[in-house]
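coords.cif follows; it contains mmCIF, C-alpha atoms.
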data_work
loop_
_atom_site.label_atom_id
_atom_site.label_comp_id
_atom_site.auth_asym_id
_atom_site.auth_seq_id
_atom_site.Cartn_x
_atom_site.Cartn_y
_atom_site.Cartn_z
CA MET A 1 62.99 115.68 -73.67
CA LEU A 2 60.31 113.29 -74.85
CA ARG A 3 62.47 110.42 -73.69
CA PHE A 4 62.74 112.03 -70.23
CA LEU A 5 58.99 112.63 -69.91
CA ILE A 6 58.06 109.13 -70.99
CA SER A 7 60.54 107.69 -68.50
CA LEU A 8 59.18 109.91 -65.73
CA LEU A 9 55.62 108.85 -66.52
CA ILE A 10 56.48 105.16 -66.51
CA GLY A 11 58.33 105.61 -63.22
CA LEU A 12 55.35 107.41 -61.72
CA MET A 13 52.95 104.66 -62.68
CA ILE A 14 55.17 101.89 -61.36
CA GLY A 15 55.85 103.85 -58.15
CA LEU A 16 52.19 104.63 -57.60
CA ALA A 17 51.21 100.99 -57.93
CA LEU A 18 54.03 99.93 -55.64
CA GLY A 19 53.17 102.61 -53.06
CA LEU A 20 49.51 101.66 -52.95
CA TYR A 21 50.40 97.99 -52.61
CA LEU A 22 52.81 98.66 -49.76
CA GLY A 23 50.36 100.97 -47.99
CA TRP A 24 47.43 98.62 -48.21
CA VAL A 25 48.90 95.14 -47.95
CA PRO A 26 52.21 94.69 -46.09
CA PHE A 27 52.16 97.96 -44.15
CA PRO A 28 48.55 99.07 -43.74
CA VAL A 29 47.48 101.74 -41.28
CA GLU A 30 47.33 100.25 -37.78
CA TYR A 31 44.75 101.86 -35.55
CA VAL A 32 45.59 102.38 -31.91
CA ASN A 33 43.76 104.19 -29.11
CA SER A 34 40.55 102.69 -30.39
CA PRO A 35 37.35 102.85 -28.35
CA ALA A 36 35.92 99.63 -27.00
CA ALA A 37 32.96 100.10 -29.30
CA ALA A 38 35.27 99.33 -32.23
CA LEU A 39 36.25 95.95 -30.79
CA ASP A 40 35.62 92.91 -32.91
CA GLN A 41 32.33 91.29 -31.87
CA SER A 42 34.09 88.15 -30.67
CA TYR A 43 36.16 90.19 -28.20
CA LYS A 44 33.06 92.06 -27.03
CA ASP A 45 31.42 88.72 -26.39
CA ASP A 46 34.49 87.44 -24.60
CA TYR A 47 34.65 90.55 -22.42
CA THR A 48 31.00 90.00 -21.50
CA VAL A 49 31.81 86.41 -20.54
CA MET A 50 34.66 87.60 -18.34
CA ILE A 51 32.41 90.07 -16.57
CA ALA A 52 29.81 87.34 -16.10
CA ASN A 53 32.48 85.17 -14.47
CA ALA A 54 33.44 88.08 -12.23
CA TRP A 55 29.79 88.56 -11.33
CA LEU A 56 29.55 84.94 -10.20
CA GLN A 57 32.21 85.73 -7.63
CA ASP A 58 30.83 88.87 -6.09
CA ARG A 59 27.17 88.90 -7.25
CA ASP A 60 27.47 92.67 -7.56
CA THR A 61 25.13 93.45 -10.44
CA GLU A 62 25.75 97.17 -10.39
CA LEU A 63 29.48 96.60 -10.57
CA ALA A 64 29.01 94.23 -13.52
CA ARG A 65 26.83 96.81 -15.19
CA SER A 66 29.45 99.52 -14.72
CA ARG A 67 32.17 97.24 -16.09
CA LEU A 68 30.05 96.50 -19.16
CA ARG A 69 29.57 100.22 -19.80
CA LEU A 70 33.09 100.06 -21.22
CA LEU A 71 31.63 98.47 -24.36
CA GLU A 72 29.49 101.55 -24.98
CA VAL A 73 26.42 99.49 -25.78
CA GLU A 74 23.11 101.29 -25.51
CA ASN A 75 21.25 98.67 -23.52
CA ILE A 76 23.43 96.54 -21.29
CA PRO A 77 20.81 93.94 -20.26
CA GLN A 78 19.86 93.54 -23.92
CA HIS A 79 23.51 93.14 -24.85
CA VAL A 80 24.03 90.42 -22.23
CA GLN A 81 20.86 88.69 -23.37
CA ASP A 82 22.02 88.80 -26.99
CA VAL A 83 25.44 87.38 -26.18
CA THR A 84 23.92 84.66 -24.02
CA GLU A 85 21.43 83.61 -26.65
CA ARG A 86 24.10 83.69 -29.32
CA TYR A 87 26.29 81.39 -27.24
CA ILE A 88 23.34 79.06 -26.62
CA THR A 89 22.13 78.92 -30.21
CA GLY A 90 25.68 78.62 -31.51
CA SER A 91 26.49 75.90 -28.99
CA VAL A 92 29.98 77.32 -28.65
CA PHE A 93 31.91 77.64 -25.43
CA ILE A 94 29.21 75.74 -23.58
CA ASP A 95 31.08 75.99 -20.29
CA GLU A 96 30.71 79.79 -20.41
CA ILE A 97 26.95 79.74 -20.87
CA PRO A 98 25.87 79.25 -17.22
CA ALA A 99 27.74 82.36 -16.14
CA LEU A 100 26.15 84.38 -18.92
CA VAL A 101 22.72 83.03 -18.05
CA ALA A 102 23.22 83.92 -14.40
CA LEU A 103 24.23 87.48 -15.24
CA SER A 104 21.42 87.84 -17.73
CA ASP A 105 19.02 86.63 -15.07
CA ALA A 106 20.41 89.14 -12.58
CA LEU A 107 19.81 91.87 -15.14
CA GLY A 108 16.20 90.73 -15.52
CA ARG A 109 16.62 89.08 -18.90
CA LEU A 110 15.94 85.40 -18.32
CA THR A 111 14.40 84.03 -21.51
CA PRO A 112 13.01 80.52 -22.05
CA ILE A 113 16.02 79.41 -24.05
CA MET A 114 18.22 80.10 -21.01
CA LEU A 115 16.17 78.10 -18.54
CA PRO A 116 17.90 74.72 -19.02
CA TYR A 117 21.28 76.26 -18.31
CA ARG A 118 19.99 78.06 -15.26
CA GLN A 119 18.50 74.88 -13.88
CA ALA A 120 21.58 72.89 -14.73
CA GLU A 121 23.76 75.21 -12.72
CA GLY A 122 21.21 75.75 -9.99
CA THR A 123 21.72 79.45 -10.14
CA PRO A 124 19.39 81.50 -7.99
CA MET B 1 81.01 116.03 -96.47
CA THR B 2 77.34 117.00 -96.26
CA HIS B 3 76.36 113.73 -97.69
CA THR B 4 78.45 111.90 -95.09
CA ASN B 5 76.83 113.84 -92.20
CA HIS B 6 73.38 113.16 -93.47
CA HIS B 7 74.19 109.53 -93.78
CA ASN B 8 75.51 109.39 -90.23
CA LYS B 9 72.34 110.99 -88.80
CA ARG B 10 70.13 108.51 -90.58
CA ALA B 11 72.24 105.66 -89.30
CA LEU B 12 71.99 107.00 -85.75
CA HIS B 13 68.17 107.32 -85.90
CA SER B 14 67.95 103.88 -87.33
CA ARG B 15 70.04 102.45 -84.46
CA GLN B 16 67.92 104.22 -81.87
CA ARG B 17 64.70 102.89 -83.33
CA ASN B 18 66.07 99.39 -83.29
CA ARG B 19 67.17 99.56 -79.66
CA PRO B 20 64.85 97.84 -77.11
CA LEU B 21 62.52 100.05 -75.04
CA TRP B 22 64.44 99.68 -71.80
CA ARG B 23 67.55 101.00 -73.47
CA ARG B 24 65.70 104.00 -74.79
CA LEU B 25 64.49 105.08 -71.31
CA SER B 26 66.15 107.68 -69.12
CA TRP B 27 67.01 105.84 -65.93
CA SER B 28 67.31 108.97 -63.88
CA ALA B 29 63.82 110.11 -64.94
CA LEU B 30 62.47 106.64 -64.27
CA GLY B 31 63.97 106.71 -60.76
CA VAL B 32 62.59 110.13 -59.97
CA GLY B 33 59.20 109.09 -61.28
CA MET B 34 59.18 105.94 -59.15
CA MET B 35 60.09 107.84 -56.00
CA ILE B 36 57.35 110.37 -56.58
CA GLY B 37 54.95 107.54 -57.42
CA ILE B 38 55.75 105.53 -54.28
CA ALA B 39 55.35 108.60 -52.10
CA THR B 40 52.04 109.43 -53.73
CA GLY B 41 50.88 105.81 -53.45
CA LEU B 42 51.74 105.61 -49.75
CA TYR B 43 50.02 108.91 -49.08
CA GLY B 44 46.94 107.61 -50.83
CA ALA B 45 47.02 104.30 -48.96
CA TRP B 46 47.67 105.75 -45.53
CA VAL B 47 45.90 109.10 -45.61
CA VAL B 48 43.46 109.52 -48.47
CA ASN B 49 42.02 106.04 -48.55
CA PRO B 50 43.37 104.04 -45.60
CA VAL B 51 42.38 100.53 -44.70
CA VAL B 52 39.04 100.73 -42.87
CA GLU B 53 39.21 99.80 -39.18
CA VAL B 54 37.33 96.58 -38.57
CA ASN B 55 37.94 93.65 -36.26
CA THR B 56 39.78 95.78 -33.72
CA GLU B 57 41.77 93.67 -31.30
CA PRO B 58 42.22 94.41 -27.61
CA TRP B 59 45.84 95.53 -28.02
CA GLN B 60 44.62 98.37 -30.24
CA LEU B 61 42.37 99.79 -27.54
CA ALA B 62 43.11 103.06 -25.81
CA GLU B 63 45.29 102.38 -22.78
CA PRO B 64 42.67 102.85 -20.03
CA ILE B 65 40.28 100.52 -21.86
CA ARG B 66 43.02 97.97 -22.48
CA GLN B 67 43.79 98.05 -18.75
CA GLU B 68 40.13 97.40 -17.92
CA TYR B 69 40.15 94.53 -20.39
CA MET B 70 43.20 93.02 -18.68
CA ALA B 71 41.52 93.43 -15.31
CA ALA B 72 38.52 91.52 -16.65
CA ILE B 73 40.82 88.70 -17.76
CA ALA B 74 42.19 88.43 -14.24
CA LEU B 75 38.71 88.57 -12.71
CA SER B 76 37.59 85.77 -14.96
CA PHE B 77 40.65 83.75 -14.02
CA GLY B 78 39.71 84.29 -10.40
CA HIS B 79 36.48 82.45 -11.14
CA ASN B 80 37.54 79.59 -13.40
CA SER B 81 41.30 79.29 -12.72
CA ASP B 82 41.75 78.51 -16.40
CA LEU B 83 45.34 79.57 -16.99
CA THR B 84 45.39 78.63 -20.67
CA LYS B 85 42.40 80.76 -21.39
CA ALA B 86 43.82 83.65 -19.36
CA LEU B 87 47.09 83.44 -21.28
CA ASP B 88 45.31 83.33 -24.63
CA ARG B 89 43.36 86.41 -23.65
CA LEU B 90 46.41 88.24 -22.37
CA LEU B 91 48.28 87.57 -25.58
CA VAL B 92 45.75 89.54 -27.61
CA THR B 93 46.06 92.49 -25.27
CA SER B 94 49.82 92.77 -25.70
CA PRO B 95 51.05 90.76 -28.70
CA HIS B 96 54.15 92.92 -29.03
CA ARG B 97 55.29 92.33 -25.46
CA VAL B 98 57.57 89.44 -24.62
CA ASP B 99 56.03 88.56 -21.27
CA PRO B 100 52.25 88.99 -20.98
CA PHE B 101 52.25 88.23 -17.26
CA GLN B 102 54.84 90.91 -16.55
CA ASP B 103 52.76 93.24 -18.68
CA LEU B 104 49.83 92.36 -16.41
CA ALA B 105 51.96 93.16 -13.35
CA ASP B 106 53.00 96.48 -14.87
CA THR B 107 49.40 97.30 -15.72
CA ALA B 108 48.29 96.51 -12.16
CA CYS B 109 51.03 98.80 -10.92
CA GLU B 110 49.84 101.62 -13.17
CA LEU B 111 46.26 101.13 -12.02
CA THR B 112 47.20 101.40 -8.36
CA GLN B 113 48.94 104.68 -9.04
CA THR B 114 45.93 106.21 -10.75
CA GLY B 115 43.59 105.79 -7.80
CA TYR B 116 41.80 102.92 -9.53
CA ILE B 117 41.83 100.91 -6.31
CA ALA B 118 39.94 103.61 -4.47
CA THR B 119 36.74 101.86 -5.52
CA ASN B 120 35.74 98.45 -4.28
CA GLY B 121 35.50 97.10 -7.83
CA GLY B 122 38.92 98.45 -8.73
CA LEU B 123 40.47 96.91 -5.65
CA LYS B 124 38.93 93.52 -6.48
CA ALA B 125 40.22 93.74 -10.03
CA VAL B 126 43.78 94.62 -9.02
CA ARG B 127 43.73 91.88 -6.40
CA SER B 128 42.77 89.37 -9.12
CA MET B 129 45.52 90.69 -11.38
CA LYS B 130 48.00 90.37 -8.56
CA THR B 131 46.95 86.78 -7.89
CA LEU B 132 47.33 85.86 -11.55
CA TYR B 133 50.76 87.35 -12.12
CA GLN B 134 52.12 86.24 -8.76
CA LEU B 135 51.15 82.66 -9.59
CA GLN B 136 53.43 83.01 -12.58
CA GLY B 137 56.27 84.33 -10.46
CA ARG B 138 56.01 87.94 -11.57
CA ALA B 139 56.06 90.98 -9.33
CA GLY B 140 55.07 94.60 -9.54
CA CYS B 141 54.56 97.66 -7.43
CA ALA B 142 50.92 96.67 -6.85
CA ASP B 143 52.27 93.98 -4.50
CA THR B 144 53.24 96.50 -1.87
CA PHE B 145 50.68 99.10 -2.76
CA ILE B 146 47.63 97.11 -1.86
CA GLN B 147 49.22 94.89 0.74
CA LEU B 148 47.44 96.36 3.70
CA ALA B 149 44.36 97.43 1.83
CA LEU B 150 43.68 93.75 1.21
CA GLN B 151 43.84 92.64 4.80
CA PRO B 152 40.57 90.92 5.63
CA THR B 153 38.27 92.92 7.80
CA ALA B 154 36.66 91.29 10.74
CA LEU B 155 32.95 91.29 11.41
CA VAL B 156 32.04 92.56 14.82
CA GLN B 157 28.64 92.86 16.34
CA ILE B 158 27.65 96.17 17.73
CA GLU B 159 24.68 96.55 19.98
CA LEU B 160 22.81 99.60 18.83
CA PRO B 161 19.75 101.05 20.51
CA THR B 162 16.60 101.25 18.45
CA PRO B 163 15.90 104.90 17.87
CA THR B 164 12.33 105.74 18.78
CA ALA B 165 11.09 109.06 17.52
CA LEU B 166 9.54 111.47 19.93
CA PRO B 167 5.92 112.49 19.20
CA LEU B 168 5.62 115.46 16.90
CA ALA B 169 5.06 118.84 18.51
CA THR B 170 1.50 120.12 18.43
CA LYS B 171 0.19 123.63 18.69
CA THR B 172 -1.66 122.93 21.93
CA PRO B 173 0.28 121.93 24.99
CA THR B 174 -0.15 118.29 25.76
CA PRO B 175 0.85 116.28 28.75
CA PRO B 176 4.09 114.38 28.54
CA PRO B 177 3.75 111.37 26.28
CA LEU B 178 2.99 108.13 27.92
CA VAL B 179 5.29 106.32 25.53
CA LEU B 180 8.81 107.25 26.40
CA PRO B 181 11.74 106.64 24.09
CA THR B 182 12.94 103.13 24.57
CA SER B 183 16.24 101.58 23.79
CA THR B 184 15.43 98.08 22.67
CA PRO B 185 18.73 96.59 21.62
CA PHE B 186 18.99 94.65 18.39
CA THR B 187 21.86 93.08 16.61
CA PHE B 188 23.35 95.02 13.76
CA VAL B 189 26.25 93.53 11.89
CA VAL B 190 28.67 95.93 10.26
CA PRO B 191 32.07 95.26 8.83
CA THR B 192 34.85 97.13 10.53
CA ALA B 193 38.58 97.04 10.62
CA GLU B 194 40.28 94.77 13.09
CA SER B 195 40.81 97.57 15.51
CA MET B 196 40.00 101.23 15.70
CA SER B 197 43.55 102.06 16.60
CA GLN B 198 45.79 100.10 14.29
CA PHE B 199 47.60 103.34 13.54
CA VAL B 200 48.64 105.86 16.11
CA LEU B 201 49.36 109.52 15.47
CA VAL B 202 52.86 109.57 16.93
CA ASN B 203 53.93 113.07 16.04
CA VAL B 204 52.58 116.36 14.71
CA SER B 205 54.99 119.18 13.98
CA THR B 206 54.58 122.54 12.29
CA TYR B 207 56.67 124.50 9.85
CA CYS B 208 56.36 127.65 7.79
CA ASN B 209 57.32 127.53 4.13
CA SER B 210 56.00 129.77 1.37
CA ALA B 211 56.47 126.99 -1.20
CA GLN B 212 54.33 124.65 0.87
CA SER B 213 51.90 127.08 2.38
CA GLY B 214 49.13 125.57 4.46
CA TRP B 215 49.95 121.93 3.81
CA ILE B 216 49.11 118.96 5.94
CA GLU B 217 51.77 116.39 5.18
CA VAL B 218 50.91 112.93 6.43
CA TYR B 219 53.34 110.02 6.61
CA VAL B 220 51.86 106.55 7.10
CA GLN B 221 54.49 104.19 8.40
CA GLY B 222 54.82 100.60 9.47
CA VAL B 223 56.16 99.49 12.82
CA ASN B 224 59.74 100.00 11.66
CA GLY B 225 59.08 103.31 9.95
CA GLU B 226 58.70 101.93 6.43
CA GLY B 227 56.20 103.72 4.20
CA ILE B 228 52.80 102.12 3.64
CA PRO B 229 51.01 103.21 0.46
CA GLY B 230 47.30 103.09 -0.31
CA GLN B 231 46.16 104.15 3.17
CA ARG B 232 43.12 106.37 3.48
CA VAL B 233 43.52 109.59 5.44
CA ARG B 234 40.62 111.88 6.20
CA VAL B 235 40.52 115.52 7.23
CA ARG B 236 37.40 117.07 8.67
CA TRP B 237 36.55 120.66 9.22
CA ALA B 238 33.42 122.49 10.37
CA THR B 239 31.66 122.36 7.04
CA GLY B 240 33.08 119.34 5.31
CA GLU B 241 35.65 116.62 4.95
CA ASP B 242 38.05 115.21 2.37
CA THR B 243 39.87 111.95 1.89
CA PHE B 244 43.27 111.33 0.38
CA TYR B 245 45.68 108.40 0.13
CA SER B 246 49.28 107.70 0.94
CA GLY B 247 51.66 106.68 -1.80
CA LEU B 248 50.12 108.64 -4.66
CA LYS B 249 53.28 110.73 -4.94
CA PRO B 250 55.93 108.00 -5.09
CA GLU B 251 58.66 110.58 -5.57
CA LYS B 252 58.01 111.63 -1.97
CA GLY B 253 57.90 108.07 -0.69
CA TRP B 254 55.18 105.49 -0.24
CA ALA B 255 54.28 106.89 3.17
CA TYR B 256 53.48 110.36 1.89
CA ALA B 257 50.11 112.05 1.46
CA ASP B 258 49.19 115.70 1.58
CA PHE B 259 46.29 118.11 1.76
CA THR B 260 46.12 121.89 1.35
CA MET B 261 44.31 123.86 4.04
CA THR B 262 42.32 127.07 3.77
CA LEU B 263 43.44 130.01 5.88
CA GLY B 264 41.56 130.29 9.13
CA VAL B 265 40.01 126.82 9.07
CA ALA B 266 40.64 124.23 11.78
CA TYR B 267 41.00 120.58 10.79
CA THR B 268 41.07 117.24 12.52
CA LEU B 269 42.93 114.30 11.07
CA GLU B 270 42.22 110.57 11.13
CA MET B 271 42.70 107.32 9.26
CA PRO B 272 39.11 106.07 8.88
CA GLU B 273 38.54 102.86 10.83
CA ARG B 274 42.24 102.60 11.46
CA SER B 275 42.92 105.34 13.95
CA GLU B 276 41.21 107.58 16.42
CA PRO B 277 40.53 111.15 15.24
CA SER B 278 43.29 113.52 16.25
CA THR B 279 42.58 115.36 19.46
CA GLN B 280 44.75 118.24 18.36
CA GLN B 281 43.20 120.58 15.83
CA LEU B 282 45.37 121.66 12.93
CA VAL B 283 44.58 125.32 12.40
CA ALA B 284 45.62 127.13 9.23
CA THR B 285 47.08 130.26 10.79
CA PRO B 286 49.27 132.87 9.12
CA CYS B 287 53.02 132.60 9.69
CA THR B 288 56.23 134.27 8.55
CA THR B 289 59.00 132.23 6.93
CA GLU B 290 62.69 132.60 7.75
CA GLN B 291 63.03 134.68 4.61
CA GLY B 292 60.40 137.04 5.95
CA THR B 293 57.63 136.11 3.53
CA ARG B 294 54.08 135.48 4.65
CA ALA B 295 52.62 131.96 4.45
CA ILE B 296 50.17 129.65 6.17
CA THR B 297 51.34 127.29 8.86
CA SER B 298 51.89 123.76 7.60
CA TYR B 299 51.73 120.53 9.57
CA ARG B 300 53.64 117.30 9.35
CA ALA B 301 51.83 114.35 10.92
CA ILE B 302 53.18 110.84 11.30
CA TYR B 303 50.92 107.82 11.68
CA ARG B 304 52.64 104.64 12.71
CA LEU B 305 51.30 101.10 12.80
CA ASP B 306 50.69 100.17 16.39
CA GLY B 307 52.97 97.19 16.91
#
Using structure tokens, write down the structure that the file contains.
Amino acid sequence: MLRFLISLLIGLMIGLALGLYLGWVPFPVEYVNSPAAALDQSYKDDYTVMIANAWLQDRDTELARSRLRLLEVENIPQHVQDVTERYITGSVFIDEIPALVALSDALGRLTPIMLPYRQAEGTP
Amino acid sequence: MTHTNHHNKRALHSRQRNRPLWRRLSWSALGVGMMIGIATGLYGAWVVNPVVEVNTEPWQLAEPIRQEYMAAIALSFGHNSDLTKALDRLLVTSPHRVDPFQDLADTACELTQTGYIATNGGLKAVRSMKTLYQLQGRAGCADTFIQLALQPTALVQIELPTPTALPLATKTPTPPPLVLPTSTPFTFVVPTAESMSQFVLVNVSTYCNSAQSGWIEVYVQGVNGEGIPGQRVRVRWATGEDTFYSGLKPEKGWAYADFTMTLGVAYTLEMPERSEPSTQQLVATPCTTEQGTRAITSYRAIYRLDG
């Protein structure tokens, strides 16, 4: 009986460790049906860039605003300003900056750091 | 004899003690223990203490949000024509799909069937999606669905008179105003369809059916009778109006649209900016079916593209 119990206990411990490893590492929980608010920041930024590009085509600020509501950010102009300034200070994806600056400007958030990009593109 | 038995037991115990641990285990108990342990471990890892959701990728988004994200990719492509970037972005929206462009076409198709294109922004987005996937040789139901909706509208100039308000009434009678209403024309530019009568109401028939009581069934057809989806149809009555679209019930054909009337109300039918309002009023009157049951008269109207 003792032999059985010891074997069971050892099996339990090995199985528990193996189960936790499998559940956390090779087969972790995959979330689906996530809200846009849970998106990784880089994808939120990229979505904002895409909407800025769309805005350059139709200049429809209200439409851009409604598209950005998808991200569930509290203050859309502030969000666009933040993304724009982050792109400028990070000097990444420089070709995307003028579109962001233009949209930020349309939303009334043109800050001094954006001015060179606005002038460079000649945006209104 | 007793001495021999005692000796044998001691020898057996001695052999067991000298055996290695793995030979002293019960394999069946070990197996049962491992199975219980794995199950418990997985439960703990998936339910009790799952991996925390961070760095969510677009493919993990709820379907309507993922569709909006894909529309944004196409809109952005419409601006910069950067196919590499569009493909990179599409791949993160559907990493498990073989063909991201066909996935885009399928998504555009789904959007058209949900009434997404009823708004100007939605129509622009689906048009961009269509451009992107068609450039890659893919096709989807959105191709036909928004075909006519995307026809460019012409700008025409309409001469409108300037409305001049009459003087307000006063309590004391006054002589007729010296300033009479004038009609100074000025130019007012409004977008309109190419013609007010692109579609003609070619036939209106009635029927009485208790399963379809008080329906207005509208069929929007091309010159050769083929169904045209996505066309706006409007009904007006004394106190209001409603708009509906063809093709939203594909099982009844792309031409089909319907509306349910209220008993006793008279309706007129038109395709806004694409047809003249119907001269015949469609009145929701009581009727008796062939089976003898009571129902409301239904109408079947056919609009055909004026070739």
What are the closest atom pairs, with distances in Å to one decimal, for each residue of chain B lying within 9 Å of chain A, using only C-alpha atoms, rows by chain and rising residue number, as JSON lines?
{"residue": "B:Arg24", "atom": "CA", "partner": "A:Arg3", "partner_atom": "CA", "distance": 7.3}
{"residue": "B:Leu25", "atom": "CA", "partner": "A:Ser7", "partner_atom": "CA", "distance": 5.5}
{"residue": "B:Ser26", "atom": "CA", "partner": "A:Phe4", "partner_atom": "CA", "distance": 5.6}
{"residue": "B:Trp27", "atom": "CA", "partner": "A:Ser7", "partner_atom": "CA", "distance": 7.2}
{"residue": "B:Ser28", "atom": "CA", "partner": "A:Ser7", "partner_atom": "CA", "distance": 8.3}
{"residue": "B:Ala29", "atom": "CA", "partner": "A:Leu8", "partner_atom": "CA", "distance": 4.7}
{"residue": "B:Leu30", "atom": "CA", "partner": "A:Gly11", "partner_atom": "CA", "distance": 4.4}
{"residue": "B:Gly31", "atom": "CA", "partner": "A:Gly11", "partner_atom": "CA", "distance": 6.3}
{"residue": "B:Val32", "atom": "CA", "partner": "A:Leu8", "partner_atom": "CA", "distance": 6.7}
{"residue": "B:Gly33", "atom": "CA", "partner": "A:Gly11", "partner_atom": "CA", "distance": 4.1}
{"residue": "B:Met34", "atom": "CA", "partner": "A:Gly15", "partner_atom": "CA", "distance": 4.1}
{"residue": "B:Met35", "atom": "CA", "partner": "A:Gly15", "partner_atom": "CA", "distance": 6.2}
{"residue": "B:Ile36", "atom": "CA", "partner": "A:Leu12", "partner_atom": "CA", "distance": 6.3}
{"residue": "B:Gly37", "atom": "CA", "partner": "A:Gly15", "partner_atom": "CA", "distance": 3.9}
{"residue": "B:Ile38", "atom": "CA", "partner": "A:Gly19", "partner_atom": "CA", "distance": 4.1}
{"residue": "B:Ala39", "atom": "CA", "partner": "A:Gly19", "partner_atom": "CA", "distance": 6.4}
{"residue": "B:Thr40", "atom": "CA", "partner": "A:Leu16", "partner_atom": "CA", "distance": 6.2}
{"residue": "B:Gly41", "atom": "CA", "partner": "A:Gly19", "partner_atom": "CA", "distance": 4.0}
{"residue": "B:Leu42", "atom": "CA", "partner": "A:Gly19", "partner_atom": "CA", "distance": 4.7}
{"residue": "B:Tyr43", "atom": "CA", "partner": "A:Gly23", "partner_atom": "CA", "distance": 8.0}
{"residue": "B:Gly44", "atom": "CA", "partner": "A:Leu20", "partner_atom": "CA", "distance": 6.8}
{"residue": "B:Ala45", "atom": "CA", "partner": "A:Gly23", "partner_atom": "CA", "distance": 4.8}
{"residue": "B:Trp46", "atom": "CA", "partner": "A:Val29", "partner_atom": "CA", "distance": 5.8}
{"residue": "B:Val47", "atom": "CA", "partner": "A:Val29", "partner_atom": "CA", "distance": 8.7}
{"residue": "B:Pro50", "atom": "CA", "partner": "A:Val29", "partner_atom": "CA", "distance": 6.4}
{"residue": "B:Val51", "atom": "CA", "partner": "A:Val29", "partner_atom": "CA", "distance": 6.3}
{"residue": "B:Val52", "atom": "CA", "partner": "A:Val29", "partner_atom": "CA", "distance": 8.6}
{"residue": "B:Glu53", "atom": "CA", "partner": "A:Tyr31", "partner_atom": "CA", "distance": 6.9}
{"residue": "B:Val54", "atom": "CA", "partner": "A:Asp40", "partner_atom": "CA", "distance": 7.0}
{"residue": "B:Asn55", "atom": "CA", "partner": "A:Asp40", "partner_atom": "CA", "distance": 4.1}
{"residue": "B:Thr56", "atom": "CA", "partner": "A:Leu39", "partner_atom": "CA", "distance": 4.6}
{"residue": "B:Glu57", "atom": "CA", "partner": "A:Leu39", "partner_atom": "CA", "distance": 6.0}
{"residue": "B:Pro58", "atom": "CA", "partner": "A:Leu39", "partner_atom": "CA", "distance": 6.9}
{"residue": "B:Trp59", "atom": "CA", "partner": "A:Val32", "partner_atom": "CA", "distance": 7.9}
{"residue": "B:Gln60", "atom": "CA", "partner": "A:Val32", "partner_atom": "CA", "distance": 4.5}
{"residue": "B:Leu61", "atom": "CA", "partner": "A:Ser34", "partner_atom": "CA", "distance": 4.5}
{"residue": "B:Ala62", "atom": "CA", "partner": "A:Asn33", "partner_atom": "CA", "distance": 3.5}
{"residue": "B:Glu63", "atom": "CA", "partner": "A:Asn33", "partner_atom": "CA", "distance": 6.8}
{"residue": "B:Ile65", "atom": "CA", "partner": "A:Ala36", "partner_atom": "CA", "distance": 6.8}
{"residue": "B:Arg66", "atom": "CA", "partner": "A:Ala36", "partner_atom": "CA", "distance": 8.6}
{"residue": "B:Glu68", "atom": "CA", "partner": "A:Arg67", "partner_atom": "CA", "distance": 8.2}
{"residue": "B:Tyr69", "atom": "CA", "partner": "A:Tyr47", "partner_atom": "CA", "distance": 7.1}
{"residue": "B:Ala72", "atom": "CA", "partner": "A:Met50", "partner_atom": "CA", "distance": 5.8}
{"residue": "B:Ile73", "atom": "CA", "partner": "A:Met50", "partner_atom": "CA", "distance": 6.3}
{"residue": "B:Ala74", "atom": "CA", "partner": "A:Met50", "partner_atom": "CA", "distance": 8.6}
{"residue": "B:Leu75", "atom": "CA", "partner": "A:Ala54", "partner_atom": "CA", "distance": 5.3}
{"residue": "B:Ser76", "atom": "CA", "partner": "A:Met50", "partner_atom": "CA", "distance": 4.8}
{"residue": "B:Phe77", "atom": "CA", "partner": "A:Asn53", "partner_atom": "CA", "distance": 8.3}
{"residue": "B:Gly78", "atom": "CA", "partner": "A:Ala54", "partner_atom": "CA", "distance": 7.6}
{"residue": "B:His79", "atom": "CA", "partner": "A:Asn53", "partner_atom": "CA", "distance": 5.9}
{"residue": "B:Asn80", "atom": "CA", "partner": "A:Asn53", "partner_atom": "CA", "distance": 7.6}
{"residue": "B:Arg89", "atom": "CA", "partner": "A:Asp46", "partner_atom": "CA", "distance": 9.0}
{"residue": "B:Gly121", "atom": "CA", "partner": "A:Leu63", "partner_atom": "CA", "distance": 6.6}
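We find atom CA of Gly253 of chain B and atom CA of Tyr207 of chain B to be spaced 19.6 Å apart.
Coordinates place atom CA of Glu110 of chain B at a distance of 22.2 Å from atom CA of Gln221 of chain B.
Straight-line separation from atom CA of Thr112 of chain B to atom CA of Ser275 of chain B: 23.1 Å.
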(request) Find the spatial neighbours of Ile88 of chain A, counting all atoms listed in the file, within a cut-off of 12 Å - ignore same-chain residues fewer than 4 positions away - and output them as a VMD selection string. (result) chain A and resid 81 to 84 92 to 101 111 to 118
(request) Pick out the residues sitting within 10 Å of Phe101 of chain B, and hand them over as a PyMOL selection string; count only C-alpha atoms, and ignore anything fewer than 3 positions along from it in its own chain. (result) chain B and resi 86-87+90-91+94+97-98+104-107+129-130+132-139
(message) With the PyMOL selection byres ((chain B and resi 300) around 7) as the selection, what would be picked from this file? Answer as a PyMOL selection string, please.
(response) chain B and resi 204-206+216-218+298-299+301-302
(request) Excluding Leu107 of chain A and any residue of its chain fewer than 4 positions from it, enumerate the residues within 10 Å of it, using only C-alpha atoms, and give them as a list in words. (result) Thr61, Glu62, Ala64, Arg65, Ile76, Pro77, Gln78, Val80, Gln81, Val101, Ala102 and Leu103 of chain A
